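The structure appears right after this line, and notes come after that.
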Amino acid sequence: MKSYNTLEIKRIEDKWRKLWDEKKTFKVSADPAKKKYYVLEMFPYPSGKIHMGHVRNYTIADVMARFKMMQGFNVLHPMGYDAFGQPAENAAIKNHTDPGDWTYRCIAQMRDELKMMGFSYDWDRELATCDAEYYKWNQWIFLKMMEKGLAYKKASPVNWCPSCLTTLANEEVIHGACWRCKTEVVQKDLEQWYLKITHYNDALLEDLKKLKNWPSRVVAMQENWIGKSYGVEIYFKIKRNGGRLSVFTTRPDTIFGATYVVLAPEHPLVAALVKGTPAEKAVTDFVEKTRNVAKSVRVTGDSAKEGVFTGQYASNPVTDEEIPIWIGDYVLMDYGTGAIMAVPTHDQRDFLFSKEHNLPLRIVIQDPANPDAKPEDMKAAFEGEGKLVNSKPFNGIGNEEAKQKISQWMEQQAMGKITVNWRLRDWLISRQRYWGTPIPIIYCQKCGTVPVPEKDLPVELPQNVKITGEGGSPLLKVPEFVNVKCPKCGEKARRETDTMATFFDSSWYFLRFCSPVNSEKIFDEKEAAYWMPVDQYIGGIEHAILHLLYSRFFTKFLNDLGLVNVSEPFDRLLTQGMVLKDGEVMSKSRGNTVDPDSVISKYGADTLRLFILFAAPPEDQLEWNDSAIDGAWKFLSRVWNLVDMKFKSVSALPSSLTSQDKELERERNAAIKKITEDLSGHEGFKFNTAISQLMVLTNRIEKYEIKSPEQQAAFNHAVKTLVMLLAPFAPHVGEEMWEMMGNVPSIVRASWPTYNEAALKLDAVTMVVQINGKIRSKYEVQTDTQEDRLRDLVNSDEKLKAYIEGKEIKKFIVIPNKLISIVV
RNA sequence: GGGCAAGUGGUGGAAUGGUAUACACGCAGGACUUAAAAUCCUGUGGCCGAAAGGUCGUGAGGGUUCGACUCCCUCCUUGCCCACCA
């Protein structure tokens, strides 16, 4: 007899981890004869230690993977590291280490921690995005995109710290200042590389409809992000030079109320518009001032709307009125045409701007709640629905209908054209950083921008580069990297020193996992065709937009190249909830973390896995509770004791004679049914209720009395089922108990138990009697008792006399085996 | 401002429109022990009642239904995401 204690658990867990490793239990290869299942969790940034969020994410995935293995699927379950990125550079600055050394040390530590949890990865497929053999293919994809015109260079404003001489991500700009040195951040134009994700606007939006197994809120978030809106581009004539000024609006129904137009400060027409006029200086000053405000500060809805009058006028095409042209910081250059028509009565932003600068208002849509409203009394814009007024031929029409009519009419009159606008912008991938994939480009005085030839890939990151965080990109200061010969003409040339955004790396790693050891190709098409799409993807909601959108984009691109046969990478998506402690998200900065290591050393990985799945449904937030872990531990030890103390091999067959035997068999079948359903996820994955069902079965088995060899056999049968059902959740003890019962490991090769519907039937059921909706009585009756018999029971029921006697029974409803509802 | 979730015992949470609170945690009482820990047993939504039982009860208010945590409408609260996107 082995007692269930911390020491013993440690021995068992070590034993199985070692065996899985040695026997490569989870190694898989593509085999068209078998049904495949690809389970993938969002790979981690290798910070060294895993945290509870990782534990939760990967435990969910592991249960799915092991369940599918037992169901006979060929399961691909790989793991890797999203290893490029800023933390390595920050660590380098702080500790004077090399980002590469630091990262690989972290990876080694992280791998050990993942192994401690007993996850069923095929470790032969492990990859890190900072390996040259991986990022080589980033560069390859980039070149292919360039070839297809989907990667291009453009000057664009970036957040720039004048003291550190570096660009900053929006998150690094804190209250308009550099996060490191607190210097005020300015906007600076830099030539940078973009990926033309907007080429796939329509496909990215349309194909969201295919993603039936994604959480609806993720689909909604992507939809909003892509942001397709229908409207009209309206042409205004500039009075001074007769030029055309285009604005985009989704509200053509309000065109008769457009009382001025506003241009973004960066609008290309601004300079010509004011050149040589008295307003020139004021306008130039304003444009300059706006440039020096970080975008993240400018783009907040609640700040005052600043602007300046150009002194110029444009004519409203439908009224021929001359209306003033303004410059305003609330108009964004990179949406629509960078210019708007302002309708202050029916747009709150325009309303605020008009009050600030004393501009005219005209009501063109009547507020049904306030039909006699006067513009000068308005406290806010009216943005609801109503009938048109002051709109000549369209007066009296509902504004939704007017949208259609006015759009068509304007197009006929050549006043504008019906257009579609997208919120989605092209993806800026240039980063002025060291620890990322070098962009494979060479600049030659003679030949211009030259892509690095494919045979010269990878462009490797130089080592031993000093990272200071100041003075621009570290690669600029590595002459042997920068100075190269032009691949075209052989003359002196200069390498691109920017590296790629790390989202690039994670946009296709799921494909590399299909054939990770492959120096000839990005991946093997046949293997990718077998494994793709990912059947189940699991990760945090924080990646609901960017990572998932970019991965969808890359998959579509590689699909167009003919390398993959799917256009969507992830069939099913689960976004797991956060792990909280004391009501707050567990995080290092809050100092409220619980280290998985400390839990594992006390209770073992199985207990931790069980607790984290039992505490809440996978998509919900999970509140950490130290004492509830004891519950998981206690449960495992109870199962252990059943196997260890009461399981005895016997040659008899199970009997099904007594009611207790029948009851045990019923519970056994019920558990198989419920747990199989909960793990299949047809109505969402429910690990918490699956575990509670394991507990119910355990409770039942514990009460079972063994008085004969036949009953011992029935007991054994039930315990064996219990261990199989438990194994995906608690794999180490699962394997150990499986072996103790005389079976051959590994338990993942055992086939998942099936149930018998007939065994689920009860002999007797409790039926309740409701009178006018209130429960008044209960009966123990035989299953499937018919209505006649039930009526007899009701009629002879003393308790019901008071409610029924002397009253007319209007309805007598029977829900078989559940209840009787009587209306009197 | 827009979008999406979610509100159930002391706590985490269960409930194809059919006995609300499964399964746990916690707590209380008991057994074992010199004692404690561990383990086991019993109880555990509120109110009235010795009990039988009655009555109220799933954020608030309405509606549909024989019957509503579940479906519909209005509102409140909390969380998450997006947001000067014209």
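Chain identifiers are assigned as A, B, and so on, following the order in which chains appear in the structure tokens; residues are numbered from 1 within each chain, and ligands are numbered from 1 in order of appearance.
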
Which polymer residues have any atom within 7 Å of an atom of region 178-192 of chain A, counting only C-alpha atoms (C1' of nucleotides), with same-chain residues fewer than 2 positions away left out, as a compact mmCIF listing (two decimals) with N, CA and C atoms, in the first residue's frame?
# COMPACT_ATOMS: atom_id res chain seq x y z
N LYS A 153 7.10 50.64 -48.99
CA LYS A 153 7.68 51.61 -48.10
C LYS A 153 6.98 52.95 -48.24
N LYS A 154 6.77 53.61 -47.12
CA LYS A 154 6.04 54.87 -47.17
C LYS A 154 6.52 55.73 -46.00
N ALA A 155 6.57 57.04 -46.25
CA ALA A 155 6.90 57.94 -45.15
C ALA A 155 5.66 58.12 -44.31
N SER A 156 5.85 58.04 -43.01
CA SER A 156 4.68 58.25 -42.16
C SER A 156 5.12 58.74 -40.81
N PRO A 157 4.22 59.45 -40.15
CA PRO A 157 4.59 60.01 -38.86
C PRO A 157 4.66 58.91 -37.79
N VAL A 158 5.67 59.00 -36.98
CA VAL A 158 5.81 58.07 -35.86
C VAL A 158 6.02 58.86 -34.59
N ASN A 159 5.80 58.21 -33.46
CA ASN A 159 6.14 58.83 -32.18
C ASN A 159 7.65 58.81 -32.05
N TRP A 160 8.24 59.96 -31.79
CA TRP A 160 9.69 60.06 -31.78
C TRP A 160 10.15 60.74 -30.50
N CYS A 161 11.10 60.11 -29.82
CA CYS A 161 11.65 60.73 -28.63
C CYS A 161 12.92 61.46 -29.03
N SER A 163 15.16 62.83 -27.35
CA SER A 163 16.31 62.63 -26.48
C SER A 163 16.93 61.24 -26.69
N GLU A 172 4.34 53.11 -25.34
CA GLU A 172 5.52 53.65 -24.67
C GLU A 172 5.43 55.16 -24.47
N VAL A 173 4.33 55.71 -24.96
CA VAL A 173 4.12 57.14 -24.78
C VAL A 173 3.16 57.32 -23.60
N ILE A 174 3.70 57.82 -22.49
CA ILE A 174 2.88 57.99 -21.29
C ILE A 174 2.61 59.48 -21.10
N GLY A 176 1.98 61.68 -23.18
CA GLY A 176 2.67 62.51 -24.16
C GLY A 176 4.18 62.53 -24.01
N TYR A 194 5.47 48.81 -44.79
CA TYR A 194 4.08 48.47 -44.50
C TYR A 194 3.70 47.18 -45.20
N ARG A 291 1.60 68.88 -35.05
CA ARG A 291 2.62 67.87 -35.36
C ARG A 291 3.39 67.46 -34.11
N ASN A 292 3.55 68.42 -33.21
CA ASN A 292 4.38 68.14 -32.05
C ASN A 292 3.61 67.51 -30.89
N VAL A 293 2.39 67.13 -31.17
CA VAL A 293 1.62 66.44 -30.13
C VAL A 293 1.57 64.96 -30.49
N ALA A 294 1.92 64.13 -29.55
CA ALA A 294 1.87 62.68 -29.80
C ALA A 294 0.47 62.29 -30.22
N SER A 430 7.90 48.16 -39.50
CA SER A 430 9.28 48.56 -39.20
C SER A 430 9.44 48.90 -37.72

Using only C-alpha atoms (C1' of nucleotides), I'd like every residue of chain A that has an atom within 8 Å of chain B; please write them out as an NGL selection string. :A and (217 or 220-221 or 224-225 or 248-250 or 299-302 or 330-331 or 335 or 340-341 or 349 or 423 or 615-616 or 623 or 627-628 or 631 or 689 or 692-693 or 695-696 or 768 or 772-773 or 775 or 811 or 813 or 815 or 818-819 or 821-823)

Long-range neighbours of G53 (chain B) as a PyMOL selection string, 12 Å cut-off, only C-alpha atoms (C1' of nucleotides), 2 positions minimum in chain: (chain A and resi 776+799) or (chain B and resi 48-49+51+55)

Next, dump the selected residues to file, keeping only all heavy atoms, as an mmCIF file, in the first residue's frame.
data_model
loop_
_atom_site.group_PDB
_atom_site.id
_atom_site.type_symbol
_atom_site.label_atom_id
_atom_site.label_comp_id
_atom_site.auth_asym_id
_atom_site.auth_seq_id
_atom_site.Cartn_x
_atom_site.Cartn_y
_atom_site.Cartn_z
ATOM 1 N N ARG A 776 -47.055 20.904 -4.555
ATOM 2 C CA ARG A 776 -47.871 20.510 -3.412
ATOM 3 C C ARG A 776 -47.661 19.076 -2.987
ATOM 4 O O ARG A 776 -48.108 18.692 -1.909
ATOM 5 C CB ARG A 776 -49.362 20.727 -3.745
ATOM 6 C CG ARG A 776 -49.750 22.170 -4.003
ATOM 7 C CD ARG A 776 -49.466 23.050 -2.811
ATOM 8 N NE ARG A 776 -49.877 24.434 -3.083
ATOM 9 C CZ ARG A 776 -49.580 25.454 -2.289
ATOM 10 N NH1 ARG A 776 -48.869 25.264 -1.194
ATOM 11 N NH2 ARG A 776 -49.969 26.677 -2.596
ATOM 12 N N LYS A 799 -53.099 14.907 0.771
ATOM 13 C CA LYS A 799 -52.484 16.237 0.850
ATOM 14 C C LYS A 799 -53.092 17.207 -0.156
ATOM 15 O O LYS A 799 -53.116 18.409 0.060
ATOM 16 C CB LYS A 799 -50.976 16.118 0.590
ATOM 17 C CG LYS A 799 -50.165 15.877 1.845
ATOM 18 C CD LYS A 799 -48.682 16.016 1.558
ATOM 19 C CE LYS A 799 -48.170 14.810 0.798
ATOM 20 N NZ LYS A 799 -46.709 14.751 0.681
ATOM 21 P P C B 48 -37.547 34.133 12.492
ATOM 22 O OP1 C B 48 -37.577 35.064 13.636
ATOM 23 O OP2 C B 48 -36.497 33.087 12.416
ATOM 24 O "O5'" C B 48 -38.963 33.427 12.350
ATOM 25 C "C5'" C B 48 -40.157 34.201 12.413
ATOM 26 C "C4'" C B 48 -41.363 33.314 12.288
ATOM 27 O "O4'" C B 48 -41.440 32.746 10.942
ATOM 28 C "C3'" C B 48 -41.362 32.061 13.161
ATOM 29 O "O3'" C B 48 -41.697 32.335 14.508
ATOM 30 C "C2'" C B 48 -42.410 31.207 12.459
ATOM 31 O "O2'" C B 48 -43.719 31.643 12.744
ATOM 32 C "C1'" C B 48 -42.078 31.478 10.996
ATOM 33 N N1 C B 48 -41.149 30.452 10.458
ATOM 34 C C2 C B 48 -41.719 29.265 9.951
ATOM 35 O O2 C B 48 -42.939 29.127 9.965
ATOM 36 N N3 C B 48 -40.893 28.306 9.461
ATOM 37 C C4 C B 48 -39.581 28.487 9.483
ATOM 38 N N4 C B 48 -38.811 27.509 8.993
ATOM 39 C C5 C B 48 -38.978 29.681 9.996
ATOM 40 C C6 C B 48 -39.799 30.627 10.466
ATOM 41 P P G B 49 -41.004 31.434 15.648
ATOM 42 O OP1 G B 49 -41.608 31.856 16.922
ATOM 43 O OP2 G B 49 -39.534 31.457 15.485
ATOM 44 O "O5'" G B 49 -41.508 29.959 15.307
ATOM 45 C "C5'" G B 49 -42.845 29.570 15.598
ATOM 46 C "C4'" G B 49 -43.042 28.131 15.218
ATOM 47 O "O4'" G B 49 -42.817 27.963 13.797
ATOM 48 C "C3'" G B 49 -42.056 27.147 15.842
ATOM 49 O "O3'" G B 49 -42.348 26.852 17.191
ATOM 50 C "C2'" G B 49 -42.230 25.950 14.910
ATOM 51 O "O2'" G B 49 -43.418 25.258 15.170
ATOM 52 C "C1'" G B 49 -42.302 26.664 13.554
ATOM 53 N N9 G B 49 -40.950 26.762 12.987
ATOM 54 C C8 G B 49 -40.042 27.792 13.123
ATOM 55 N N7 G B 49 -38.903 27.555 12.545
ATOM 56 C C5 G B 49 -39.068 26.280 11.997
ATOM 57 C C6 G B 49 -38.176 25.491 11.250
ATOM 58 O O6 G B 49 -37.011 25.755 10.917
ATOM 59 N N1 G B 49 -38.743 24.259 10.891
ATOM 60 C C2 G B 49 -40.016 23.863 11.209
ATOM 61 N N2 G B 49 -40.378 22.664 10.776
ATOM 62 N N3 G B 49 -40.864 24.606 11.899
ATOM 63 C C4 G B 49 -40.330 25.783 12.260
ATOM 64 P P A B 51 -38.049 22.704 14.602
ATOM 65 O OP1 A B 51 -36.672 22.505 14.116
ATOM 66 O OP2 A B 51 -38.780 23.944 14.293
ATOM 67 O "O5'" A B 51 -38.932 21.461 14.166
ATOM 68 C "C5'" A B 51 -38.358 20.160 14.056
ATOM 69 C "C4'" A B 51 -39.444 19.141 13.903
ATOM 70 O "O4'" A B 51 -40.480 19.403 14.880
ATOM 71 C "C3'" A B 51 -40.175 19.140 12.560
ATOM 72 O "O3'" A B 51 -39.519 18.285 11.646
ATOM 73 C "C2'" A B 51 -41.562 18.619 12.916
ATOM 74 O "O2'" A B 51 -41.614 17.212 12.932
ATOM 75 C "C1'" A B 51 -41.754 19.148 14.338
ATOM 76 N N9 A B 51 -42.544 20.374 14.407
ATOM 77 C C8 A B 51 -42.069 21.666 14.511
ATOM 78 N N7 A B 51 -43.027 22.563 14.581
ATOM 79 C C5 A B 51 -44.182 21.826 14.518
ATOM 80 C C6 A B 51 -45.553 22.178 14.552
ATOM 81 N N6 A B 51 -45.968 23.440 14.662
ATOM 82 N N1 A B 51 -46.461 21.184 14.465
ATOM 83 C C2 A B 51 -46.043 19.921 14.363
ATOM 84 N N3 A B 51 -44.781 19.462 14.334
ATOM 85 C C4 A B 51 -43.908 20.465 14.412
ATOM 86 P P U B 55 -47.366 28.029 1.201
ATOM 87 O OP1 U B 55 -48.613 28.498 0.557
ATOM 88 O OP2 U B 55 -46.544 26.967 0.578
ATOM 89 O "O5'" U B 55 -46.434 29.287 1.478
ATOM 90 C "C5'" U B 55 -46.984 30.489 2.033
ATOM 91 C "C4'" U B 55 -45.874 31.414 2.446
ATOM 92 O "O4'" U B 55 -45.026 30.746 3.418
ATOM 93 C "C3'" U B 55 -44.901 31.797 1.332
ATOM 94 O "O3'" U B 55 -45.412 32.838 0.528
ATOM 95 C "C2'" U B 55 -43.677 32.222 2.132
ATOM 96 O "O2'" U B 55 -43.832 33.504 2.687
ATOM 97 C "C1'" U B 55 -43.680 31.182 3.265
ATOM 98 N N1 U B 55 -42.820 30.005 2.961
ATOM 99 C C2 U B 55 -41.466 30.130 3.217
ATOM 100 O O2 U B 55 -40.972 31.156 3.657
ATOM 101 N N3 U B 55 -40.709 29.017 2.916
ATOM 102 C C4 U B 55 -41.166 27.823 2.418
ATOM 103 O O4 U B 55 -40.360 26.913 2.212
ATOM 104 C C5 U B 55 -42.568 27.770 2.175
ATOM 105 C C6 U B 55 -43.338 28.835 2.447
#

Using only C-alpha atoms, the shortest atom-to-atom distance to Asp329 (chain A) among A:Thr290, A:Thr310, A:Gln786, A:Thr419 belongs to A:Thr290

Picked from region 370-496 of chain A by DSSP as strand (DSSP E), as a ChimeraX atom specification: /A:387-388,416-422,427-428,430-431,441-444,448-451,483-485,492-495

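The space between CA of Phe503 (chain A) and CA of Asn518 (chain A) spans 22.0 Å.
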
For Glu322 (chain A), work out the shell of residues within 9 Å, counting only C-alpha atoms (C1' of nucleotides) and skipping chain neighbours fewer than 5 positions away, then give it as a PDB file with N, CA and C atoms, in the first residue's frame.
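out00.pdb, written as the output of this step:
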ATOM      1  N   LYS A 239     -13.564  78.005 -53.503  1.00  0.00           N
ATOM      2  CA  LYS A 239     -13.881  79.264 -54.184  1.00  0.00           C
ATOM      3  C   LYS A 239     -12.628  79.917 -54.764  1.00  0.00           C
ATOM      4  N   THR A 259     -22.572  73.256 -42.628  1.00  0.00           N
ATOM      5  CA  THR A 259     -22.383  74.703 -42.588  1.00  0.00           C
ATOM      6  C   THR A 259     -20.921  75.126 -42.632  1.00  0.00           C
ATOM      7  N   TYR A 260     -20.013  74.159 -42.621  1.00  0.00           N
ATOM      8  CA  TYR A 260     -18.591  74.434 -42.861  1.00  0.00           C
ATOM      9  C   TYR A 260     -17.896  73.117 -43.133  1.00  0.00           C
ATOM     10  N   TYR A 313     -13.266  79.769 -48.568  1.00  0.00           N
ATOM     11  CA  TYR A 313     -14.626  79.233 -48.602  1.00  0.00           C
ATOM     12  C   TYR A 313     -14.777  78.155 -49.667  1.00  0.00           C
ATOM     13  N   ALA A 314     -15.730  77.291 -49.412  1.00  0.00           N
ATOM     14  CA  ALA A 314     -16.072  76.272 -50.412  1.00  0.00           C
ATOM     15  C   ALA A 314     -17.573  76.307 -50.593  1.00  0.00           C
ATOM     16  N   SER A 315     -18.062  75.804 -51.726  1.00  0.00           N
ATOM     17  CA  SER A 315     -19.517  75.838 -51.858  1.00  0.00           C
ATOM     18  C   SER A 315     -20.109  74.452 -51.664  1.00  0.00           C
ATOM     19  N   ASN A 316     -21.185  74.448 -50.887  1.00  0.00           N
ATOM     20  CA  ASN A 316     -21.928  73.219 -50.632  1.00  0.00           C
ATOM     21  C   ASN A 316     -22.666  72.865 -51.921  1.00  0.00           C
TER      22      ASN A 316
END

Contacts of Pro44 (chain A) at 9 Å or less, counting only C-alpha atoms (C1' of nucleotides), minus same-chain residues fewer than 6 places along, as an NGL selection string? :A and (50 or 54 or 79-83)

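Excluding region 28-32 of chain B itself and same-chain residues fewer than 3 positions from it, the residues having an atom within 8 Å of it are B:C40, B:C41, B:U42, B:G43, B:U44, counting only C-alpha atoms (C1' of nucleotides).
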
Selection file, N, CA and C atoms (P, O5', C5', C4', C3', O3' and C1' of nucleotides), as a PDB file, in the first residue's frame:
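Below you can see part.pdb, which holds the result:
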ATOM      1  P     C B  40     -12.106  11.966   4.078  1.00  0.00           P
ATOM      2  O5'   C B  40     -13.137  11.252   5.047  1.00  0.00           O
ATOM      3  C5'   C B  40     -13.267   9.830   5.027  1.00  0.00           C
ATOM      4  C4'   C B  40     -14.098   9.389   6.202  1.00  0.00           C
ATOM      5  C3'   C B  40     -15.456  10.052   6.324  1.00  0.00           C
ATOM      6  O3'   C B  40     -16.413   9.462   5.467  1.00  0.00           O
ATOM      7  C1'   C B  40     -14.396  10.073   8.434  1.00  0.00           C
ATOM      8  P     C B  41     -17.582  10.313   4.879  1.00  0.00           P
ATOM      9  O5'   C B  41     -18.588  10.412   6.099  1.00  0.00           O
ATOM     10  C5'   C B  41     -19.193   9.238   6.624  1.00  0.00           C
ATOM     11  C4'   C B  41     -20.018   9.599   7.843  1.00  0.00           C
ATOM     12  C3'   C B  41     -21.008  10.735   7.631  1.00  0.00           C
ATOM     13  O3'   C B  41     -22.197  10.286   7.018  1.00  0.00           O
ATOM     14  C1'   C B  41     -19.814  11.101   9.635  1.00  0.00           C
ATOM     15  P     U B  42     -23.013  11.255   6.073  1.00  0.00           P
ATOM     16  O5'   U B  42     -23.640  12.286   7.121  1.00  0.00           O
ATOM     17  C5'   U B  42     -24.623  11.837   8.057  1.00  0.00           C
ATOM     18  C4'   U B  42     -25.003  12.979   8.973  1.00  0.00           C
ATOM     19  C3'   U B  42     -25.417  14.268   8.287  1.00  0.00           C
ATOM     20  O3'   U B  42     -26.752  14.231   7.819  1.00  0.00           O
ATOM     21  C1'   U B  42     -23.926  14.774  10.048  1.00  0.00           C
ATOM     22  P     G B  43     -27.163  15.101   6.541  1.00  0.00           P
ATOM     23  O5'   G B  43     -27.199  16.582   7.140  1.00  0.00           O
ATOM     24  C5'   G B  43     -28.131  16.925   8.164  1.00  0.00           C
ATOM     25  C4'   G B  43     -27.794  18.285   8.720  1.00  0.00           C
ATOM     26  C3'   G B  43     -27.773  19.414   7.698  1.00  0.00           C
ATOM     27  O3'   G B  43     -29.074  19.869   7.400  1.00  0.00           O
ATOM     28  C1'   G B  43     -25.886  19.580   9.112  1.00  0.00           C
ATOM     29  P     U B  44     -29.411  20.364   5.914  1.00  0.00           P
ATOM     30  O5'   U B  44     -28.661  21.763   5.874  1.00  0.00           O
ATOM     31  C5'   U B  44     -29.005  22.806   6.786  1.00  0.00           C
ATOM     32  C4'   U B  44     -28.005  23.929   6.670  1.00  0.00           C
ATOM     33  C3'   U B  44     -27.780  24.422   5.253  1.00  0.00           C
ATOM     34  O3'   U B  44     -28.788  25.346   4.867  1.00  0.00           O
ATOM     35  C1'   U B  44     -25.692  24.143   6.340  1.00  0.00           C
TER      36        U B  44
END
